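Enquirer: Sending over a structure as structure tokens; questions will come in a sec.
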Amino acid sequence: MPDERPELTIRLMDATDLDRGFLEAIGALRPAELTRDQAISIYRHRLRSRVRTYVAIIDNRIAGTAAVFIEPKFIHSGGIVGHIEDVAVHPAFQKHGVGRALVVHLLNECRNFHCYKVILDCAEGVIPFYEKLGFHRWERAMRIDL
Ligand SMILES: CC(C)(COP(=O)(O)OP(=O)(O)OC[C@H]1O[C@@H](n2cnc3c(N)ncnc32)[C@H](O)[C@@H]1OP(=O)(O)O)[C@@H](O)C(=O)NCCC(=O)NCCS
């Protein structure tokens, strides 16, 4: 990337982002080997499921992405929890503040939804990235493969 800071825009994903390198960006997390039709179908499923997918755009390319699911709970008097998922920055754009800008944006969205907390699972290696953004270790992740 050039020295002068190119403009960074963060907004909700739309289907045209598949033509701006969205799958390449999310591939920083894990390769998303999908046809365009498969990707569109998943995008629509996510919309119906109320998963909010955001993109960071630089020079009309998708530099990174992150998603959040907003969950109103029965406990905590109907309190609302934000679940962050799939934070990924294209390798060509890493270490330039894109990941931080995405997570800060999602946290502000969670504030707008009146979330009382925001949680996520991550690998050990990225814990310092999230700690710099104010997160702390909490509980343990559990998984079963079906
Ligand atoms: C982790 C990831 C999202 C960070 O994005 P990024 O745009 O490179 O990060 P930023 O440039 O915004 O970094 C913000 C700060 O965190 C630090 N940081 C970033 N990644 C880090 C890491 N893996 N370990 C330690 N610190 C890290 C940066 O040095 C920077 O520190 P500073 O504020 O002192 O300068 C990106 O590296 C990525 O997509 N990795 C592969 C996918 C992945 O692991 N995603 C997380 C899933 S939970």
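In the structure tokens, chains take the letters A, B, ... in the order shown, each chain's residues start at 1, and ligands count up from 1 in the order shown.
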Skip region 16-27 of chain A itself and residues of its chain fewer than 3 positions away, then list as a ChimeraX atom specification all residues within 9 Å of it, counting only C-alpha atoms.
Expert: /A:13,30-34,36,39-40,55,57,60-66,86-91
Enquirer: Give as a list in words the residues surrounding ligand 1 up to a distance of 6 Å, considering only C-alpha atoms and all ligand atoms.
Expert: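 Checking only C-alpha atoms and all ligand atoms against ligand 1 at 6 Å gives Ala28, Leu29, Asp86, Val87, Ala88, Val89, Gln94, Lys95, His96, Gly97, Val98, Gly99, Arg100, Cys122, Gly125, Val126, Pro128 and Phe129 of chain A.
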Enquirer: CA of Ile10 (chain A) and CA of Lys117 (chain A), how far apart in Å?
Expert: 21.7 Å
Enquirer: Name the residues of region 64-97 of chain A that come out as strand (DSSP E or B) in a backbone DSSP run; write them as a list in words.
Expert: Gly64, Thr65, Ala66, Ala67, Val68, Phe69, Ile70, Glu71, Pro72, Ile80, Val81, Gly82, His83, Ile84, Glu85, Asp86, Val87, Ala88 and Val89 of chain A
Enquirer: With N, CA and C atoms retained, write the just-selected residues as a compact mmCIF listing (two decimals), in the first residue's frame.
Expert:
# COMPACT_ATOMS: atom_id res chain seq x y z
N GLY A 64 -11.31 -6.00 3.64
CA GLY A 64 -11.58 -6.86 4.79
C GLY A 64 -13.07 -6.98 5.04
N THR A 65 -13.41 -7.87 5.94
CA THR A 65 -14.81 -8.11 6.27
C THR A 65 -14.93 -8.56 7.71
N ALA A 66 -16.11 -8.37 8.27
CA ALA A 66 -16.42 -8.88 9.61
C ALA A 66 -17.93 -8.92 9.72
N ALA A 67 -18.43 -9.79 10.59
CA ALA A 67 -19.88 -9.96 10.72
C ALA A 67 -20.27 -9.90 12.18
N VAL A 68 -21.55 -9.57 12.40
CA VAL A 68 -22.07 -9.58 13.77
C VAL A 68 -23.50 -10.09 13.75
N PHE A 69 -23.82 -10.86 14.76
CA PHE A 69 -25.19 -11.33 14.95
C PHE A 69 -25.69 -10.73 16.26
N ILE A 70 -26.87 -10.11 16.20
CA ILE A 70 -27.44 -9.41 17.36
C ILE A 70 -28.49 -10.32 18.00
N GLU A 71 -28.26 -10.70 19.25
CA GLU A 71 -29.12 -11.69 19.92
C GLU A 71 -29.84 -11.10 21.14
N PRO A 72 -31.16 -10.93 21.07
CA PRO A 72 -31.90 -10.52 22.28
C PRO A 72 -32.09 -11.74 23.17
N ILE A 80 -29.31 -7.51 25.19
CA ILE A 80 -28.92 -7.85 23.82
C ILE A 80 -27.41 -8.09 23.76
N VAL A 81 -27.05 -9.20 23.11
CA VAL A 81 -25.63 -9.57 22.98
C VAL A 81 -25.23 -9.49 21.51
N GLY A 82 -24.04 -8.96 21.24
CA GLY A 82 -23.48 -8.97 19.89
C GLY A 82 -22.46 -10.09 19.79
N HIS A 83 -22.59 -10.90 18.74
CA HIS A 83 -21.64 -11.99 18.50
C HIS A 83 -20.84 -11.65 17.24
N ILE A 84 -19.57 -11.37 17.41
CA ILE A 84 -18.73 -11.05 16.24
C ILE A 84 -18.20 -12.35 15.63
N GLU A 85 -18.23 -12.41 14.32
CA GLU A 85 -17.78 -13.60 13.57
C GLU A 85 -16.95 -13.17 12.36
N ASP A 86 -16.07 -14.04 11.94
CA ASP A 86 -15.42 -13.95 10.62
C ASP A 86 -14.79 -12.58 10.31
N VAL A 87 -13.88 -12.19 11.19
CA VAL A 87 -13.09 -10.98 10.94
C VAL A 87 -11.91 -11.39 10.05
N ALA A 88 -11.79 -10.79 8.90
CA ALA A 88 -10.72 -11.18 7.97
C ALA A 88 -10.26 -9.97 7.16
N VAL A 89 -8.98 -9.81 7.04
CA VAL A 89 -8.40 -8.73 6.23
C VAL A 89 -7.52 -9.39 5.16
Enquirer: Could you please determine the separation between CA of Gly78 (chain A) and CA of Tyr116 (chain A) in Å, to one decimal place?
Expert: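 That distance, rounded to one decimal, is 10.3 Å.
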Enquirer: Apply DSSP to the backbone of this structure and, from region 3-146 of chain A, keep only the residues in alpha helix (DSSP H); write these as JSON, numbers by chain.
Expert: {"A": [22, 23, 24, 25, 26, 36, 37, 38, 39, 40, 41, 42, 43, 44, 45, 46, 47, 48, 98, 99, 100, 101, 102, 103, 104, 105, 106, 107, 108, 109, 110, 111, 112, 127, 128, 129, 130, 131, 132]}
